[in-house]
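Content type mmCIF, C-alpha atoms and all ligand atoms, from the file model01.cif:
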```
data_run
loop_
_atom_site.group_PDB
_atom_site.id
_atom_site.type_symbol
_atom_site.label_atom_id
_atom_site.label_comp_id
_atom_site.auth_asym_id
_atom_site.auth_seq_id
_atom_site.Cartn_x
_atom_site.Cartn_y
_atom_site.Cartn_z
ATOM 1 C CA MET Q 212 49.289 121.397 203.360
ATOM 2 C CA ALA Q 213 48.568 125.068 203.274
ATOM 3 C CA ARG Q 214 48.997 127.127 200.163
ATOM 4 C CA ILE Q 215 51.276 130.011 201.139
ATOM 5 C CA ILE Q 216 50.695 133.387 199.524
ATOM 6 C CA ALA Q 217 52.901 136.433 200.011
ATOM 7 C CA VAL Q 218 51.176 139.795 199.589
ATOM 8 C CA ALA Q 219 53.990 142.005 198.374
ATOM 9 C CA ASN Q 220 54.856 145.179 196.521
ATOM 10 C CA GLN Q 221 57.770 147.302 197.671
ATOM 11 C CA LYS Q 222 55.681 150.408 197.165
ATOM 12 C CA GLY Q 223 54.025 151.544 200.376
ATOM 13 C CA GLY Q 224 50.360 152.455 200.597
ATOM 14 C CA VAL Q 225 49.135 150.252 197.749
ATOM 15 C CA GLY Q 226 46.769 148.135 199.835
ATOM 16 C CA LYS Q 227 48.947 145.193 200.890
ATOM 17 C CA THR Q 228 47.858 145.194 204.521
ATOM 18 C CA THR Q 229 44.230 145.978 203.722
ATOM 19 C CA THR Q 230 44.227 143.061 201.299
ATOM 20 C CA ALA Q 231 46.039 140.619 203.589
ATOM 21 C CA VAL Q 232 43.703 141.309 206.539
ATOM 22 C CA ASN Q 233 40.424 141.390 204.651
ATOM 23 C CA LEU Q 234 41.255 138.447 202.425
ATOM 24 C CA ALA Q 235 42.207 136.448 205.525
ATOM 25 C CA ALA Q 236 38.867 137.338 207.101
ATOM 26 C CA ALA Q 237 36.879 136.609 203.937
ATOM 27 C CA LEU Q 238 38.558 133.218 203.482
ATOM 28 C CA ALA Q 239 37.916 132.417 207.136
ATOM 29 C CA ALA Q 240 34.257 133.369 206.620
ATOM 30 C CA ALA Q 241 34.257 130.860 203.749
ATOM 31 C CA LYS Q 242 35.336 128.247 206.298
ATOM 32 C CA ARG Q 243 38.953 128.060 205.219
ATOM 33 C CA LYS Q 244 41.555 127.608 207.931
ATOM 34 C CA VAL Q 245 43.718 130.685 207.577
ATOM 35 C CA LEU Q 246 46.936 131.932 209.133
ATOM 36 C CA LEU Q 247 47.889 135.558 208.566
ATOM 37 C CA VAL Q 248 51.557 136.369 209.096
ATOM 38 C CA ASP Q 249 52.247 140.032 209.848
ATOM 39 C CA PHE Q 250 55.733 140.414 208.450
ATOM 40 C CA ASP Q 251 55.877 144.209 208.427
ATOM 41 C CA PRO Q 252 57.616 145.911 211.385
ATOM 42 C CA GLN Q 253 54.835 148.535 211.251
ATOM 43 C CA GLY Q 254 52.527 145.883 212.682
ATOM 44 C CA ASN Q 255 49.502 147.294 210.859
ATOM 45 C CA ALA Q 256 48.019 143.908 210.032
ATOM 46 C CA THR Q 257 48.309 142.953 213.708
ATOM 47 C CA MET Q 258 46.475 146.083 214.881
ATOM 48 C CA ALA Q 259 43.890 145.795 212.093
ATOM 49 C CA SER Q 260 43.197 142.243 213.289
ATOM 50 C CA GLY Q 261 42.360 143.540 216.762
ATOM 51 C CA VAL Q 262 45.620 142.425 218.380
ATOM 52 C CA ASP Q 263 47.760 144.977 220.229
ATOM 53 C CA LYS Q 264 51.194 144.900 218.607
ATOM 54 C CA ARG Q 265 52.791 146.474 221.697
ATOM 55 C CA VAL Q 266 52.026 143.475 223.884
ATOM 56 C CA ALA Q 267 52.182 140.712 221.262
ATOM 57 C CA LYS Q 268 55.052 138.619 222.534
ATOM 58 C CA PRO Q 269 56.444 136.272 221.362
ATOM 59 C CA ASN Q 270 55.835 137.401 217.803
ATOM 60 C CA GLY Q 271 57.330 136.932 214.348
ATOM 61 C CA CYS Q 272 60.674 138.219 215.623
ATOM 62 C CA GLU Q 273 61.247 135.425 218.136
ATOM 63 C CA VAL Q 274 59.911 132.882 215.651
ATOM 64 C CA LEU Q 275 62.327 134.023 212.931
ATOM 65 C CA LEU Q 276 65.239 133.899 215.349
ATOM 66 C CA ASP Q 277 64.132 130.490 216.609
ATOM 67 C CA GLU Q 278 63.760 131.854 220.126
ATOM 68 C CA ALA Q 279 60.128 130.803 220.558
ATOM 69 C CA PRO Q 280 58.001 128.037 219.022
ATOM 70 C CA ILE Q 281 55.700 129.354 216.316
ATOM 71 C CA GLU Q 282 52.721 127.635 217.973
ATOM 72 C CA GLN Q 283 53.265 129.786 221.031
ATOM 73 C CA ALA Q 284 53.336 133.023 219.049
ATOM 74 C CA ILE Q 285 50.186 132.396 216.990
ATOM 75 C CA VAL Q 286 46.987 133.962 218.337
ATOM 76 C CA GLN Q 287 43.340 133.669 217.329
ATOM 77 C CA THR Q 288 41.452 136.676 216.062
ATOM 78 C CA GLU Q 289 37.840 137.736 216.360
ATOM 79 C CA ALA Q 290 37.344 137.103 212.637
ATOM 80 C CA HIS Q 291 38.286 133.423 213.035
ATOM 81 C CA TYR Q 292 41.666 133.443 211.375
ATOM 82 C CA ASP Q 293 44.927 132.886 213.206
ATOM 83 C CA LEU Q 294 47.607 135.558 213.347
ATOM 84 C CA LEU Q 295 51.352 135.473 213.772
ATOM 85 C CA PRO Q 296 51.728 139.023 215.113
ATOM 86 C CA GLY Q 297 54.444 141.403 213.996
ATOM 87 C CA ASN Q 298 55.858 144.681 215.276
ATOM 88 C CA GLY Q 299 59.062 146.734 215.369
ATOM 89 C CA ASP Q 300 60.923 143.740 216.770
ATOM 90 C CA LEU Q 301 60.943 142.376 213.213
ATOM 91 C CA THR Q 302 63.453 145.069 212.258
ATOM 92 C CA ALA Q 303 65.794 143.783 214.954
ATOM 93 C CA ALA Q 304 65.243 140.218 213.757
ATOM 94 C CA GLU Q 305 66.058 141.242 210.196
ATOM 95 C CA LEU Q 306 69.337 142.805 211.345
ATOM 96 C CA LYS Q 307 70.296 139.837 213.487
ATOM 97 C CA LEU Q 308 69.637 137.462 210.605
ATOM 98 C CA MET Q 309 72.001 139.279 208.271
ATOM 99 C CA ASP Q 310 74.911 137.015 209.139
ATOM 100 C CA ALA Q 311 72.889 133.870 209.730
ATOM 101 C CA ILE Q 312 73.140 130.726 207.675
ATOM 102 C CA ALA Q 313 70.150 130.119 205.405
ATOM 103 C CA ARG Q 314 68.863 133.521 206.392
ATOM 104 C CA GLU Q 315 66.313 133.633 203.548
ATOM 105 C CA SER Q 316 64.621 130.368 204.528
ATOM 106 C CA ARG Q 317 63.911 131.027 208.193
ATOM 107 C CA LEU Q 318 60.224 131.748 207.711
ATOM 108 C CA LYS Q 319 59.807 128.781 205.375
ATOM 109 C CA GLU Q 320 61.281 126.462 208.034
ATOM 110 C CA GLN Q 321 58.985 127.853 210.700
ATOM 111 C CA LEU Q 322 55.798 127.774 208.611
ATOM 112 C CA ALA Q 323 56.506 124.158 207.675
ATOM 113 C CA LYS Q 324 55.832 123.282 211.330
ATOM 114 C CA VAL Q 325 52.219 124.481 211.177
ATOM 115 C CA ALA Q 326 51.398 124.251 207.453
ATOM 116 C CA ASP Q 327 49.290 121.106 207.864
ATOM 117 C CA ARG Q 328 46.876 122.952 210.175
ATOM 118 C CA TYR Q 329 45.868 125.519 207.564
ATOM 119 C CA ASP Q 330 44.348 125.701 204.104
ATOM 120 C CA ILE Q 331 45.998 128.984 203.369
ATOM 121 C CA ILE Q 332 48.735 131.124 204.872
ATOM 122 C CA LEU Q 333 48.890 134.807 203.875
ATOM 123 C CA ILE Q 334 52.023 136.863 204.513
ATOM 124 C CA ASP Q 335 51.710 140.649 204.719
ATOM 125 C CA CYS Q 336 55.090 141.964 203.521
ATOM 126 C CA PRO Q 337 56.822 145.248 204.376
ATOM 127 C CA PRO Q 338 57.299 147.910 201.681
ATOM 128 C CA SER Q 339 60.789 146.762 200.704
ATOM 129 C CA LEU Q 340 62.530 143.919 198.911
ATOM 130 C CA HIS Q 341 64.938 143.221 201.758
ATOM 131 C CA LEU Q 342 65.403 140.153 203.910
ATOM 132 C CA LEU Q 343 61.887 139.974 205.369
ATOM 133 C CA THR Q 344 60.300 140.043 201.918
ATOM 134 C CA LEU Q 345 62.887 137.561 200.629
ATOM 135 C CA ASN Q 346 61.908 135.240 203.476
ATOM 136 C CA ALA Q 347 58.246 135.604 202.498
ATOM 137 C CA LEU Q 348 58.975 134.908 198.815
ATOM 138 C CA THR Q 349 61.102 131.900 199.727
ATOM 139 C CA ALA Q 350 58.316 130.464 201.878
ATOM 140 C CA ALA Q 351 55.504 131.168 199.397
ATOM 141 C CA ASN Q 352 53.890 129.185 196.599
ATOM 142 C CA GLY Q 353 52.206 132.282 195.252
ATOM 143 C CA LEU Q 354 52.712 136.035 195.128
ATOM 144 C CA LEU Q 355 49.753 138.379 195.248
ATOM 145 C CA ILE Q 356 50.632 141.894 194.097
ATOM 146 C CA PRO Q 357 48.271 144.717 195.018
ATOM 147 C CA VAL Q 358 48.501 147.553 192.511
ATOM 148 C CA GLN Q 359 46.987 150.905 193.320
ATOM 149 C CA CYS Q 360 44.951 152.298 190.441
ATOM 150 C CA GLU Q 361 46.791 155.596 190.101
ATOM 151 C CA TYR Q 362 49.501 157.197 188.000
ATOM 152 C CA PHE Q 363 52.839 155.413 188.266
ATOM 153 C CA ALA Q 364 51.020 152.227 189.295
ATOM 154 C CA LEU Q 365 53.445 150.137 187.281
ATOM 155 C CA GLU Q 366 56.479 151.899 188.649
ATOM 156 C CA GLY Q 367 58.588 149.508 190.664
ATOM 157 C CA LEU Q 368 56.817 146.415 189.374
ATOM 158 C CA SER Q 369 59.832 145.535 187.240
ATOM 159 C CA SER Q 370 62.160 145.446 190.250
ATOM 160 C CA LEU Q 371 59.629 143.296 192.077
ATOM 161 C CA LEU Q 372 59.504 140.922 189.110
ATOM 162 C CA ASP Q 373 63.318 140.886 188.895
ATOM 163 C CA THR Q 374 63.357 139.868 192.548
ATOM 164 C CA VAL Q 375 60.845 137.108 191.817
ATOM 165 C CA LYS Q 376 63.105 135.853 189.022
ATOM 166 C CA ALA Q 377 66.149 135.834 191.308
ATOM 167 C CA VAL Q 378 64.212 134.075 194.079
ATOM 168 C CA ARG Q 379 63.038 131.435 191.598
ATOM 169 C CA GLN Q 380 66.572 130.838 190.381
ATOM 170 C CA ARG Q 381 68.259 130.605 193.731
ATOM 171 C CA LEU Q 382 65.793 130.035 196.531
ATOM 172 C CA ASN Q 383 62.338 128.912 195.481
ATOM 173 C CA PRO Q 384 61.787 127.575 191.947
ATOM 174 C CA ALA Q 385 58.111 126.903 192.744
ATOM 175 C CA LEU Q 386 57.178 130.557 193.283
ATOM 176 C CA GLU Q 387 54.271 131.587 191.046
ATOM 177 C CA ILE Q 388 52.565 134.891 190.487
ATOM 178 C CA GLU Q 389 49.138 134.352 191.993
ATOM 179 C CA GLY Q 390 47.888 137.560 190.476
ATOM 180 C CA LEU Q 391 47.903 141.326 190.327
ATOM 181 C CA LEU Q 392 45.076 142.900 192.267
ATOM 182 C CA ARG Q 393 43.756 146.319 191.367
ATOM 183 C CA THR Q 394 43.120 148.289 194.554
ATOM 184 C CA MET Q 395 41.615 151.688 195.426
ATOM 185 C CA TYR Q 396 39.775 151.748 192.132
ATOM 186 C CA ASP Q 397 37.895 155.020 191.871
ATOM 187 C CA VAL Q 398 34.842 154.908 189.660
ATOM 188 C CA ARG Q 399 34.711 158.701 189.462
ATOM 189 C CA ASN Q 400 37.811 159.031 187.362
ATOM 190 C CA ASN Q 401 39.209 157.337 184.337
ATOM 191 C CA LEU Q 402 42.527 156.408 185.865
ATOM 192 C CA GLY Q 403 41.333 152.979 186.927
ATOM 193 C CA ASN Q 404 40.523 152.092 183.336
ATOM 194 C CA GLU Q 405 43.866 153.381 182.126
ATOM 195 C CA VAL Q 406 45.763 151.434 184.750
ATOM 196 C CA SER Q 407 43.661 148.339 184.014
ATOM 197 C CA ALA Q 408 44.479 148.566 180.313
ATOM 198 C CA GLN Q 409 48.194 148.918 181.040
ATOM 199 C CA LEU Q 410 48.195 146.030 183.477
ATOM 200 C CA THR Q 411 46.309 143.745 181.107
ATOM 201 C CA HIS Q 412 48.674 144.716 178.300
ATOM 202 C CA HIS Q 413 51.721 143.746 180.361
ATOM 203 C CA PHE Q 414 50.406 140.897 182.470
ATOM 204 C CA GLY Q 415 47.414 139.404 180.624
ATOM 205 C CA ASP Q 416 45.408 136.940 182.671
ATOM 206 C CA LYS Q 417 47.641 137.409 185.700
ATOM 207 C CA VAL Q 418 45.455 140.443 186.402
ATOM 208 C CA LEU Q 419 42.777 139.210 188.798
ATOM 209 C CA ARG Q 420 39.162 139.747 187.802
ATOM 210 C CA SER Q 421 38.174 141.117 191.187
ATOM 211 C CA ILE Q 422 38.687 144.828 191.689
ATOM 212 C CA ILE Q 423 38.890 146.516 195.077
ATOM 213 C CA PRO Q 424 37.121 149.892 194.969
ATOM 214 C CA ARG Q 425 38.230 152.911 196.912
ATOM 215 C CA ASN Q 426 35.922 152.706 199.922
ATOM 216 C CA VAL Q 427 36.184 154.812 203.051
ATOM 217 C CA ARG Q 428 34.903 151.963 205.236
ATOM 218 C CA LEU Q 429 38.031 149.968 204.331
ATOM 219 C CA ALA Q 430 40.164 152.837 205.583
ATOM 220 C CA GLU Q 431 38.143 153.184 208.795
ATOM 221 C CA ALA Q 432 38.021 149.530 209.819
ATOM 222 C CA PRO Q 433 41.671 149.184 211.014
ATOM 223 C CA SER Q 434 41.252 151.867 213.663
ATOM 224 C CA HIS Q 435 38.491 149.692 215.134
ATOM 225 C CA GLY Q 436 40.750 146.638 215.038
ATOM 226 C CA GLN Q 437 38.326 144.861 212.747
ATOM 227 C CA PRO Q 438 38.389 143.403 209.265
ATOM 228 C CA ILE Q 439 35.813 144.992 207.006
ATOM 229 C CA HIS Q 440 33.221 142.237 207.226
ATOM 230 C CA LEU Q 441 32.988 142.706 210.989
ATOM 231 C CA TYR Q 442 33.085 146.493 210.748
ATOM 232 C CA ASP Q 443 30.609 146.953 207.880
ATOM 233 C CA ARG Q 444 29.690 143.775 206.101
ATOM 234 C CA SER Q 445 27.447 145.414 203.556
ATOM 235 C CA SER Q 446 30.028 147.960 202.417
ATOM 236 C CA ARG Q 447 31.377 147.791 198.903
ATOM 237 C CA GLY Q 448 34.806 147.077 200.337
ATOM 238 C CA ALA Q 449 33.499 144.028 202.204
ATOM 239 C CA ILE Q 450 31.733 142.723 199.110
ATOM 240 C CA ALA Q 451 34.852 143.214 197.019
ATOM 241 C CA TYR Q 452 37.058 141.211 199.390
ATOM 242 C CA ILE Q 453 34.487 138.439 199.591
ATOM 243 C CA GLY Q 454 34.541 138.393 195.805
ATOM 244 C CA LEU Q 455 38.324 138.173 195.819
ATOM 245 C CA ALA Q 456 38.196 135.242 198.240
ATOM 246 C CA GLY Q 457 35.722 133.516 195.898
ATOM 247 C CA GLU Q 458 37.958 134.132 192.905
ATOM 248 C CA MET Q 459 40.968 132.710 194.707
ATOM 249 C CA ILE Q 460 39.080 129.638 195.842
ATOM 250 C CA ARG Q 461 37.944 129.039 192.273
ATOM 251 C CA ARG Q 462 41.436 129.561 190.848
ATOM 252 C CA GLU Q 463 42.761 127.095 193.348
ATOM 253 C CA ARG Q 464 40.317 124.592 191.923
ATOM 254 C CA GLY Q 465 41.265 125.421 188.380
ATOM 255 C CA HIS Q 466 38.022 127.194 187.597
ATOM 256 C CA SER Q 467 39.717 130.100 185.951
ATOM 257 C CA ALA Q 468 36.641 131.291 184.108
ATOM 258 C CA ALA Q 469 35.307 133.372 186.948
ATOM 259 C CA ALA Q 470 32.297 135.439 186.004
ATOM 260 C CA VAL Q 471 32.869 138.963 187.119
ATOM 261 C CA HIS Q 472 30.778 142.002 186.545
ATOM 262 C CA GLU Q 473 32.110 145.481 186.547
ATOM 263 C CA HIS Q 474 28.947 147.565 186.516
ATOM 264 C CA THR Q 475 29.422 151.128 185.609
ATOM 265 C CA GLY Q 476 29.392 153.236 188.697
ATOM 266 C CA ASP Q 477 29.488 150.217 190.939
ATOM 267 C CA VAL Q 478 32.267 147.738 190.987
ATOM 268 C CA VAL Q 479 30.774 144.425 191.947
ATOM 269 C CA ALA Q 480 33.447 141.943 192.639
ATOM 270 C CA VAL Q 481 32.043 138.633 191.621
ATOM 271 C CA ALA Q 482 29.074 136.731 190.303
ATOM 272 C CA LEU Q 483 29.129 133.047 190.944
ATOM 273 C CA HIS Q 484 28.635 130.132 188.605
ATOM 274 C CA ASP Q 485 25.389 128.171 188.722
ATOM 275 C CA ASP Q 486 27.328 125.186 189.980
ATOM 276 C CA ALA Q 487 28.781 127.094 192.908
ATOM 277 C CA ASP Q 488 28.947 124.805 195.891
ATOM 278 C CA GLU Q 489 27.614 125.426 199.355
ATOM 279 C CA THR Q 490 30.674 127.212 200.602
ATOM 280 C CA LEU Q 491 30.458 129.704 197.808
ATOM 281 C CA ASP Q 492 26.745 130.074 198.395
ATOM 282 C CA ASP Q 493 27.602 130.904 201.981
ATOM 283 C CA ILE Q 494 29.891 133.627 200.760
ATOM 284 C CA VAL Q 495 27.136 135.106 198.620
ATOM 285 C CA ASP Q 496 24.702 134.957 201.524
ATOM 286 C CA ILE Q 497 26.973 137.143 203.537
ATOM 287 C CA HIS Q 498 26.561 140.014 201.154
ATOM 288 C CA GLN Q 499 22.960 139.432 200.262
ATOM 289 C CA GLU Q 500 21.785 139.674 203.827
HETATM 290 N N1 LIG G 601 40.308 150.172 198.874
HETATM 291 C C1 LIG G 601 40.618 151.146 199.722
HETATM 292 N N2 LIG G 601 39.802 152.212 199.881
HETATM 293 C C2 LIG G 601 40.133 153.206 200.715
HETATM 294 N N3 LIG G 601 41.246 153.239 201.470
HETATM 295 C C3 LIG G 601 42.096 152.207 201.365
HETATM 296 C C4 LIG G 601 41.828 151.104 200.500
HETATM 297 N N4 LIG G 601 42.855 150.222 200.604
HETATM 298 C C5 LIG G 601 43.719 150.751 201.495
HETATM 299 N N5 LIG G 601 43.271 151.941 201.957
HETATM 300 C C6 LIG G 601 43.958 152.831 202.906
HETATM 301 O O1 LIG G 601 45.151 153.276 202.266
HETATM 302 C C7 LIG G 601 46.242 153.256 203.181
HETATM 303 C C8 LIG G 601 47.322 152.310 202.691
HETATM 304 O O2 LIG G 601 46.802 150.993 202.649
HETATM 305 P P1 LIG G 601 47.616 149.758 203.217
HETATM 306 O O3 LIG G 601 46.766 148.550 203.046
HETATM 307 O O4 LIG G 601 48.121 150.040 204.591
HETATM 308 O O5 LIG G 601 48.828 149.720 202.189
HETATM 309 P P2 LIG G 601 50.258 149.004 202.310
HETATM 310 O O6 LIG G 601 50.133 147.878 203.274
HETATM 311 O O7 LIG G 601 50.553 148.567 200.910
HETATM 312 O O8 LIG G 601 51.222 150.050 202.783
HETATM 313 C C9 LIG G 601 45.660 152.858 204.523
HETATM 314 O O9 LIG G 601 45.355 154.002 205.243
HETATM 315 C C10 LIG G 601 44.387 152.096 204.153
HETATM 316 O O10 LIG G 601 43.404 152.187 205.167
HETATM 317 MG MG MG G 602 51.251 147.446 204.995
#
```

What does this structure look like when you write it as C-alpha cells?
Amino acid sequence: MARIIAVANQKGGVGKTTTAVNLAAALAAAKRKVLLVDFDPQGNATMASGVDKRVAKPNGCEVLLDEAPIEQAIVQTEAHYDLLPGNGDLTAAELKLMDAIARESRLKEQLAKVADRYDIILIDCPPSLHLLTLNALTAANGLLIPVQCEYFALEGLSSLLDTVKAVRQRLNPALEIEGLLRTMYDVRNNLGNEVSAQLTHHFGDKVLRSIIPRNVRLAEAPSHGQPIHLYDRSSRGAIAYIGLAGEMIRRERGHSAAAVHEHTGDVVAVALHDDADETLDDIVDIHQE
C-alpha cells in the first residue's frame, strides 16, 4: 500500500508544486513507484511534469466526481512517475461536490483503487484550505509543509495546523505531520537562519534536515516541462531534492538520524550513512556523475 503524502500550505508561492514535482521525480529515480496527484486548479504540477493541462482529459475533476475511472485519467511522465493531471476543471469539481455526501473523502476513495500499485502518492495542494485540500488531508497519511525562508514564513501555519487538528478529529485520525521543509533558502542573507531557528523552536524535529536552496534552475525547469533532474541534474536544486528523497526514504524506515551537512555558502542536502543500501547509492551516483 502506498504511503500518501499531501504537500500543503495555504500560502501561495512557497514551493509546494516545485517540491511535489521534484520529489516525485527524485523518488522515481530511486526506483520508487510514484503517483503525483495535481490537485491545484492552476495545473502547474501537470505542466511542470511535461503534460499539457489543456488537453489532459479525463483528469482529477472527472475522477473526483466519479465520472471517469482513475486508471483512465492517470498518465506516465518522462521522469518515470505517474501523474493524475489537474487543471481549472478542478474548481468546477470542487463546486459540484459542495452538496455531495462524504464530499471530503472523494479523493481517498479514488486513491484506494490504485494505492497497491504505488510506493508513494504525493498530492500537490492548491493555496487554500478549502474542499480540495480537505480531500487531500483526508486521503493522506502524512503532510509535508513547504515553508519559504522569508519574513512572515510562519504566518498562516497556525491555521494550517488548526485544520490538521480538525481533520484528525473528524475525518482522518491517522494524519501525521511528515515534516516542515525549508524552501528557497538563500545563503546570501541571514533570513534563512532566522527562519530555521524559529521553525526549530516551534516544531523541533518535525523540521526536515534537508534544505532546498534558492536556485534559478528550479524556477526555469517548469517552463521546459521537466523536473529538475532532467533539466539540470547537477544543479544545486536537483541535488537538494535528491537529498530530500533520501531523507524521506530513511524516515520511512525509521532511520531518523540522517546525516546532513549544511556547508557555509553551499547547502548540501544530504550525506549518506556508511550502511546506505544500493538504492541510496544509486541516488548518490546521480549527483556525483
Ligand atoms: N528553490 C527555489 N528556487 C528558486 N525558485 C523557486 C524555488 N522553489 C520555487 N521556486 C519558484 O517560485 C515560484 C513559486 O513556487 P511554487 O512551487 O509554484 O509554489 P506554490 O506551489 O507553493 O505556489 C515558482 O515560480 C517557482 O518556480
Ligand atoms: Mg502550486

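With distances taken over all atoms listed in the file, Q:His435 is the one residue among Q:His341, Q:Lys417, Q:Arg265, Q:His435 lying closest to ligand LIG 601 (chain G).
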
*Given the PyMOL selection byres (((chain Q and resi 327) around 12) and not hetatm), the residues it picks as a PyMOL selection string*: chain Q and resi 212-215+244-246+322-326+328-332

*asked:* Show me which residues are within 6 Å of ligand LIG 601 (chain G) counting only C-alpha atoms and all ligand atoms, and format the list as a list in words.
replied: Gly223, Gly224, Val225, Gly226, Lys227, Thr228, Thr229, Thr394, Met395, Ile423, Pro424, Arg425, Asn426, Val427, Leu429 and Ala430 of chain Q

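When CA of Ser370 in chain Q is paired with CA of Leu340 in chain Q, their separation reads 8.8 Å.
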
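Checking Q:Ala408, Q:Leu368, Q:Ile422, Q:Leu247 one by one against Arg393 in chain Q, counting all atoms listed in the file, you find the shortest gap at Q:Ile422.
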
*Name each residue within 10 Å of ligand MG 602 (chain G), counting only C-alpha atoms and all ligand atoms, as a PyMOL selection string.*
chain Q and resi 218-232+249-256+335-338

*Run the PyMOL selection byres (((chain Q and resi 396) around 12) and not hetatm) on the file and write out the hits as a ChimeraX atom specification.*
/Q:225-226,357-362,364,392-395,397-407,421-427,447-448,451,473,476-480
